[in-house]
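Worksheet: one structure, shown below.
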Amino acid sequence: MRIDIITVVPDILKSPFEASIMKRSIEKGLVEVHLHNLRDYTTDNYKTVDDYQFGGGAGMVMMIGPIDKCITDLKSQREYDEIIYMTPDGETLNQSITNQLSLQGNLIILCGHYKGVDQRVRDHFITREISIGDYVLSGGELGALILCDAIIRLIPGVLGNETSALTDSFQDNLLAPPIYTRPANYKGWTVPEVLTSGNFPKIEAWREEKAYQRTKELRPDLLDE
Ligand code: ADE
C-alpha cells in the first residue's frame, strides 16, 4: 500500500511515522507513506495556499490551484483507489471504513486547514470525505494520522500475530472482552478461572459472552447495527 498525504504542515506528520507499528510497517516494506507540502505546488513568492471567501465571511479558504497541481502530479505517476479529504463534515470514521481502506492499493489523503478547501476540490477530485468525530480540529493532519494508524495495523503482515486485529473491539460490531496476563493472582485480585482452565471451547464461549455483555452495557447502539 502507498499513502500520499497532502498538507500545509508536514512537520506535524513526520514523527508518528518514525515510531512503533507505523515505523515497522514502513521498514518491512508493507506500506509507503509520502508527505507532500502543498506550498511546494504554489507559483507565487509567498507560497500562498489560501485566500478570502467569495461572498465574505470569516476564515480563509484553501485554493484549488495548488491542490490541483499536487493531485494531478501524483495521479500522473500512478492510479489511486481513493482520494480522501479529512473534514469534520465527512462520514464518521469507523472500523468498517478502516477495514475497506486497508484493502486498497494507493490512497491520497488531503488535510484541510483554515475554513477548509474550495468546494470545487471536493466536487472534482475527492472520492471520499472522512471525519474522525463531531468536533473541529485546527487541521486535518491529526485526523489523517488516526486514519493511517487504523488502516496500517490491518495490512496483512503488519501485526505480529495475524489474528490480533481480527479480535479487536468493533470487529463484528462488538467491543473486545476483558483481557488478563500474569500474575493470575495479584494482591488477591484473581483472573477468571475459565481463562486458566485450558478448555479452549469454554474460553471462547466465555469471551463471546463477555464481549456481548460489555457491548450491551457500554455501546448498545452497536448491537442495533
Ligand atoms: N479537520 C478538522 N476537524 C476534523 C475532524 N473532526 N475530522 C477530520 N478532519 C478534520
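Letters for chains follow the order of the C-alpha cells (A, B, ...), residue numbers begin at 1 for each chain, and ligand numbers begin at 1 in the order shown.
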Distance query Leu195 in chain A at most 10 Å, only C-alpha atoms, self and fewer than 5 positions along chain excluded, as a VMD selection string: chain A and resid 179 to 181 184 200 202 to 204 206 to 207
Expected answer as a VMD selection string: residues within 10 Å of ligand 1, only C-alpha atoms and all ligand atoms: chain A and resid 85 to 93 110 to 116 129 to 144 146 to 147
For the residues in that selection, give me N, CA and C atoms as an mmCIF file, in the first residue's frame.
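What follows is the written file result.cif:
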```cif
data_model
loop_
_atom_site.group_PDB
_atom_site.id
_atom_site.type_symbol
_atom_site.label_atom_id
_atom_site.label_comp_id
_atom_site.auth_asym_id
_atom_site.auth_seq_id
_atom_site.Cartn_x
_atom_site.Cartn_y
_atom_site.Cartn_z
ATOM 1 N N TYR A 85 -10.539 13.313 1.647
ATOM 2 C CA TYR A 85 -10.417 14.643 2.258
ATOM 3 C C TYR A 85 -10.818 14.530 3.723
ATOM 4 N N MET A 86 -9.933 14.956 4.625
ATOM 5 C CA MET A 86 -10.241 14.924 6.054
ATOM 6 C C MET A 86 -11.025 16.186 6.397
ATOM 7 N N THR A 87 -12.235 16.004 6.897
ATOM 8 C CA THR A 87 -13.093 17.155 7.166
ATOM 9 C C THR A 87 -14.139 16.793 8.213
ATOM 10 N N PRO A 88 -14.497 17.738 9.110
ATOM 11 C CA PRO A 88 -15.476 17.381 10.147
ATOM 12 C C PRO A 88 -16.860 17.064 9.586
ATOM 13 N N ASP A 89 -17.155 17.465 8.335
ATOM 14 C CA ASP A 89 -18.474 17.116 7.801
ATOM 15 C C ASP A 89 -18.448 15.869 6.907
ATOM 16 N N GLY A 90 -17.390 15.079 6.996
ATOM 17 C CA GLY A 90 -17.346 13.820 6.251
ATOM 18 C C GLY A 90 -18.046 12.695 7.001
ATOM 19 N N GLU A 91 -18.015 11.474 6.429
ATOM 20 C CA GLU A 91 -18.599 10.319 7.136
ATOM 21 C C GLU A 91 -17.695 10.001 8.328
ATOM 22 N N THR A 92 -18.315 9.652 9.448
ATOM 23 C CA THR A 92 -17.524 9.427 10.659
ATOM 24 C C THR A 92 -16.760 8.114 10.548
ATOM 25 N N LEU A 93 -15.472 8.190 10.816
ATOM 26 C CA LEU A 93 -14.605 7.012 10.707
ATOM 27 C C LEU A 93 -15.073 5.909 11.649
ATOM 28 N N LEU A 110 -5.927 14.241 1.704
ATOM 29 C CA LEU A 110 -5.771 15.699 1.696
ATOM 30 C C LEU A 110 -6.215 16.239 3.056
ATOM 31 N N CYS A 111 -5.321 16.983 3.701
ATOM 32 C CA CYS A 111 -5.642 17.566 5.010
ATOM 33 C C CYS A 111 -6.152 18.985 4.807
ATOM 34 N N GLY A 112 -7.320 19.268 5.318
ATOM 35 C CA GLY A 112 -7.866 20.619 5.223
ATOM 36 C C GLY A 112 -7.244 21.519 6.280
ATOM 37 N N HIS A 113 -7.295 22.816 6.055
ATOM 38 C CA HIS A 113 -6.834 23.809 7.027
ATOM 39 C C HIS A 113 -7.696 25.033 6.901
ATOM 40 N N TYR A 114 -7.551 25.968 7.832
ATOM 41 C CA TYR A 114 -8.350 27.193 7.816
ATOM 42 C C TYR A 114 -9.829 26.784 7.793
ATOM 43 N N LYS A 115 -10.652 27.421 6.988
ATOM 44 C CA LYS A 115 -12.079 27.063 6.914
ATOM 45 C C LYS A 115 -12.308 25.767 6.139
ATOM 46 N N GLY A 116 -11.301 25.333 5.398
ATOM 47 C CA GLY A 116 -11.455 24.153 4.558
ATOM 48 C C GLY A 116 -11.046 24.471 3.135
ATOM 49 N N GLU A 129 -14.908 11.516 1.831
ATOM 50 C CA GLU A 129 -14.666 12.536 2.852
ATOM 51 C C GLU A 129 -14.831 11.896 4.223
ATOM 52 N N ILE A 130 -13.823 12.044 5.067
ATOM 53 C CA ILE A 130 -13.835 11.334 6.355
ATOM 54 C C ILE A 130 -13.622 12.300 7.503
ATOM 55 N N SER A 131 -14.436 12.125 8.543
ATOM 56 C CA SER A 131 -14.298 12.865 9.800
ATOM 57 C C SER A 131 -13.862 11.885 10.874
ATOM 58 N N ILE A 132 -13.093 12.355 11.852
ATOM 59 C CA ILE A 132 -12.766 11.451 12.965
ATOM 60 C C ILE A 132 -13.657 11.705 14.167
ATOM 61 N N GLY A 133 -14.681 12.529 14.024
ATOM 62 C CA GLY A 133 -15.608 12.732 15.133
ATOM 63 C C GLY A 133 -16.234 14.106 15.064
ATOM 64 N N ASP A 134 -17.282 14.297 15.857
ATOM 65 C CA ASP A 134 -18.042 15.546 15.817
ATOM 66 C C ASP A 134 -17.408 16.628 16.666
ATOM 67 N N TYR A 135 -16.248 17.069 16.267
ATOM 68 C CA TYR A 135 -15.550 18.193 16.893
ATOM 69 C C TYR A 135 -14.616 18.735 15.823
ATOM 70 N N VAL A 136 -14.229 19.997 15.958
ATOM 71 C CA VAL A 136 -13.422 20.604 14.900
ATOM 72 C C VAL A 136 -11.970 20.753 15.352
ATOM 73 N N LEU A 137 -11.072 20.191 14.556
ATOM 74 C CA LEU A 137 -9.633 20.316 14.800
ATOM 75 C C LEU A 137 -9.117 21.515 14.017
ATOM 76 N N SER A 138 -7.895 21.934 14.338
ATOM 77 C CA SER A 138 -7.370 23.091 13.605
ATOM 78 C C SER A 138 -6.897 22.699 12.208
ATOM 79 N N GLY A 139 -6.819 21.419 11.938
ATOM 80 C CA GLY A 139 -6.460 20.967 10.598
ATOM 81 C C GLY A 139 -6.730 19.482 10.490
ATOM 82 N N GLY A 140 -6.652 18.947 9.287
ATOM 83 C CA GLY A 140 -6.952 17.526 9.082
ATOM 84 C C GLY A 140 -5.799 16.595 9.418
ATOM 85 N N GLU A 141 -4.631 17.153 9.794
ATOM 86 C CA GLU A 141 -3.438 16.305 9.958
ATOM 87 C C GLU A 141 -3.599 15.243 11.042
ATOM 88 N N LEU A 142 -4.113 15.632 12.205
ATOM 89 C CA LEU A 142 -4.237 14.630 13.281
ATOM 90 C C LEU A 142 -5.263 13.571 12.892
ATOM 91 N N GLY A 143 -6.292 13.986 12.187
ATOM 92 C CA GLY A 143 -7.262 13.023 11.670
ATOM 93 C C GLY A 143 -6.603 12.067 10.683
ATOM 94 N N ALA A 144 -5.740 12.613 9.817
ATOM 95 C CA ALA A 144 -5.053 11.767 8.824
ATOM 96 C C ALA A 144 -4.172 10.741 9.529
ATOM 97 N N ILE A 146 -4.641 9.464 12.541
ATOM 98 C CA ILE A 146 -5.516 8.447 13.139
ATOM 99 C C ILE A 146 -5.987 7.477 12.056
ATOM 100 N N LEU A 147 -6.375 8.033 10.919
ATOM 101 C CA LEU A 147 -6.819 7.187 9.806
ATOM 102 C C LEU A 147 -5.684 6.253 9.375
#
```
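Take the candidates A:Thr196, A:Asn94, A:Thr72, A:Ser25 and check each one against Asp172 in chain A using only C-alpha atoms; the shortest distance goes to A:Asn94.
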Every residue of range 5-90 of chain A that DSSP places in strand (DSSP E or B), as a PyMOL selection string: chain A and resi 5-7+32-37+50-52+60-62+82-90
Write the residues of the preceding selection, restricted to C-alpha atoms, as a tab-separated table (two decimals), in the first residue's frame.
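Generated output (result39.tsv):
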```tsv
chain	number	residue	atom	x	y	z
A	5	ILE	CA	-0.58	12.86	2.37
A	6	ILE	CA	-1.04	16.45	1.20
A	7	THR	CA	-0.63	19.05	3.94
A	32	GLU	CA	4.97	3.59	1.88
A	33	VAL	CA	3.97	6.97	3.28
A	34	HIS	CA	4.88	10.15	1.37
A	35	LEU	CA	4.28	13.64	2.72
A	36	HIS	CA	3.71	16.50	0.26
A	37	ASN	CA	3.96	20.11	1.33
A	50	ASP	CA	-5.30	30.20	0.90
A	51	ASP	CA	-7.45	33.22	0.11
A	52	TYR	CA	-10.56	35.11	1.28
A	60	MET	CA	-9.58	31.68	4.82
A	61	VAL	CA	-10.21	29.02	2.19
A	62	MET	CA	-7.63	26.68	0.68
A	82	GLU	CA	-9.36	6.78	-3.19
A	83	ILE	CA	-8.64	10.48	-2.78
A	84	ILE	CA	-9.72	11.23	0.76
A	85	TYR	CA	-10.42	14.64	2.26
A	86	MET	CA	-10.24	14.92	6.05
A	87	THR	CA	-13.09	17.16	7.17
A	88	PRO	CA	-15.48	17.38	10.15
A	89	ASP	CA	-18.47	17.12	7.80
A	90	GLY	CA	-17.35	13.82	6.25
```
Those of range 46-87 of chain A in DSSP alpha helix (DSSP H), formatted as a VMD selection string: chain A and resid 64 to 75
Coordinates-based distance that separates CA of Ala211 in chain A from CA of Pro177 in chain A (Å, one decimal):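 That distance, rounded to one decimal, is 4.4 Å.
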Nearest residue to Gly59 in chain A from the set A:Val117, A:Ile12, A:Pro220, A:Ile151 (distances using only C-alpha atoms): A:Val117
Length of the CA of Ile67 in chain A to CA of Leu145 in chain A vector [Å]: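 Interatomic distance here is 19.5 Å.
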Given only C-alpha atoms as the counted atoms, nearest of A:Asp224, A:Asp168, A:Asp73, A:Asp40 to Pro10 in chain A: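 The closest residue to Pro10 in chain A is A:Asp40.
Among the candidate residues A:Ala176, A:Ile97, A:Leu107, A:Thr215, the one lying nearest to Ser164 in chain A is A:Ala176, with distances computed using only C-alpha atoms.
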Point-to-point distance in Å for CA of Lys75 in chain A and CA of Arg120 in chain A: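 Taking CA of Arg120 in chain A and CA of Lys75 in chain A, their separation equals 17.6 Å.
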